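Before any comments, here is the structure.
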Amino acid sequence: MALSTIGTAGIADDAITAAKIDDDGAGFVFGDVTTGALTATGATTGIVTFDKLKLDGSSVATVTVNSAVSSSATVVVDGVSGTIAVGMVVNVSDTTVRSISDASSETAVSVDDTLTITAVASQTSFTVSEAVSIADNVVLILRADENSKMVLDASAASTDVGEEILFEDATGDGSTVLNSGEGHAISGSSVEGQVLQIQSVIDNVDRTFSGNQQIVYASLPASTAGFTSMTKTVTPISSRSKFYIFVKSFQNENTNTDNGGVTTLFADTNFISYNGGAFFVYSGGFTSTPQTNPINIQAVYFGKHEAGVAIEFHVQAGSAGTNTGAVRLNNGGGLPSAVTSFAVSSSMIIMEVL
């Protein structure tokens, strides 16, 4: 009489072996996991515990050791199923018997993914990453990861239909502000208008630059003309971005020899913008020293930079004429010390925006 069902009591202990379940030696293949959690917990004797989750390990070969290996890195095999290739990880097929031992007689190498194929002489002989000992007729599993990327939830025409990745602060939002020192880098989607970083420099040192500080702006100003008042080196995050630069400069001349101040802005040697009409005025009854209102520059720089290649933004200050005796910076607009006992601050703010 044929039986359609065998009762549990009718199966002897240990009667069903791993070879019966995995009769083709290809390992166990699971379908989609739709419920529950996939975890690795503590092991008991005879059970192998892994702390890694293998993704896309679909390139598999099985081989049988053909003559015992004794403290050698060369393994001769037969019964090959699949293709042997350099880089494959070598483990035993039956993980309950750790049949591979290393030079220290440790058998963890049987299952810990550290033994790899470094050279393939033929499909029956290959070299592994260290000298090992393996008994004859041991079945080995050779496995290679076919993909260097992990694809998550790409089932809907390569679109993300879930929210299973947690970013900073345990949120599903990748646009987390990451503090990068003086500036801030914002990661996330490439939405137009997104601020990638903000950098700034403040100069509140009251000082005098003597000598001829002329900046000729009737033609293209030289990047070295005048004196350098502020600099800031910025490393672009994107090659597609635009840089918005805002400059405020407090400067004046100590003698009334020229009729205006000139300030230029450069990215490395690339001329960006200037203020060439900051006319000097007098201070009435306080002083005859010529002054200026704060010099303001707003500029946009794009199309000439590459991501990861640093740019030095620098401000040059000087005068339109050649008779300049000295140019002052940050001294309260030229008021004498009897009236002004404070310094004002020049500044440059740089924003990288998509």
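Letters A, B, ... go to the chains of the structure tokens in the order shown; residues in each chain start at 1; ligands are counted from 1 in the same order.
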Just want the 10 Å neighbourhood of region 5-20 of chain A, counted on only C-alpha atoms, with same-chain residues fewer than 6 positions away dropped. Output as a PyMOL selection string. chain A and resi 27+93-96
Write out as a VMD selection string which residues come within 12 Å of region 69-81 of chain A when counting only C-alpha atoms, dropping same-chain ones fewer than 4 positions away. chain A and resid 24 to 26 59 to 65 90 99 to 105 115 to 143
So that I can check the surroundings of Ser239 (chain A), please list as a PyMOL selection string every protein, DNA and RNA residue that reaches within 12 Å of it, counting only C-alpha atoms and ignoring chain neighbours fewer than 2 positions away. chain A and resi 196+235-237+241-243+301-310+352-354
Expected file: the selected residues, C-alpha atoms, as a PDB file, in the first residue's frame:
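The result, written out as selection_12.pdb:
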ATOM      1  CA  LEU A 196      25.173  72.383  -1.292  1.00  0.00           C
ATOM      2  CA  THR A 235      36.061  72.706  -2.820  1.00  0.00           C
ATOM      3  CA  PRO A 236      33.003  72.355  -5.108  1.00  0.00           C
ATOM      4  CA  ILE A 237      30.608  69.491  -4.379  1.00  0.00           C
ATOM      5  CA  SER A 241      26.429  74.063  -9.424  1.00  0.00           C
ATOM      6  CA  LYS A 242      26.580  77.854  -9.328  1.00  0.00           C
ATOM      7  CA  PHE A 243      28.489  79.923  -6.778  1.00  0.00           C
ATOM      8  CA  TYR A 301      30.378  82.073 -10.844  1.00  0.00           C
ATOM      9  CA  PHE A 302      29.646  78.865 -12.810  1.00  0.00           C
ATOM     10  CA  GLY A 303      30.692  76.712 -15.730  1.00  0.00           C
ATOM     11  CA  LYS A 304      34.437  76.743 -15.049  1.00  0.00           C
ATOM     12  CA  HIS A 305      34.785  74.467 -12.019  1.00  0.00           C
ATOM     13  CA  GLU A 306      34.891  70.741 -11.343  1.00  0.00           C
ATOM     14  CA  ALA A 307      33.660  68.780  -8.346  1.00  0.00           C
ATOM     15  CA  GLY A 308      36.509  68.118  -5.911  1.00  0.00           C
ATOM     16  CA  VAL A 309      38.884  70.695  -7.440  1.00  0.00           C
ATOM     17  CA  ALA A 310      39.454  73.570  -4.997  1.00  0.00           C
ATOM     18  CA  GLU A 352      27.226  76.716  -3.760  1.00  0.00           C
ATOM     19  CA  VAL A 353      23.765  76.060  -5.188  1.00  0.00           C
ATOM     20  CA  LEU A 354      22.446  73.538  -7.701  1.00  0.00           C
TER      21      LEU A 354
END
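Here the question is which of A:Val201, A:Ala317, A:Val195, A:Val97 gets nearest to Val262 (chain A) using only C-alpha atoms, and that residue is A:Ala317.
Considering only C-alpha atoms, the residue among A:Thr322, A:Thr114, A:Gln298, A:Thr264 positioned nearest to Met230 (chain A) is A:Thr264.
Restricting the calculation to only C-alpha atoms, the smallest distance between Thr231 (chain A) and any of A:Gln316, A:Asn270, A:Asn204, A:Ser249 is found for A:Gln316.
Using only C-alpha atoms, the smallest distance between any of A:Ala68, A:Ile349, A:Asn212, A:Ala267 and Ile311 (chain A) comes from A:Ala267.
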Just list the residues in region 66-161 of chain A DSSP gives strand (DSSP E or B) on the backbone, as JSON, numbers by chain. {"A": [69, 70, 71, 72, 73, 74, 75, 76, 77, 78, 79, 80, 81, 89, 90, 91, 92, 100, 101, 116, 117, 118, 119, 120, 121, 122, 125, 126, 127, 128, 129, 130, 131, 132, 133, 134, 139, 140, 141, 142, 143, 144, 156, 159]}
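Taking CA of Ile215 (chain A) and CA of Asp203 (chain A) as endpoints, the distance between them is 20.8 Å.
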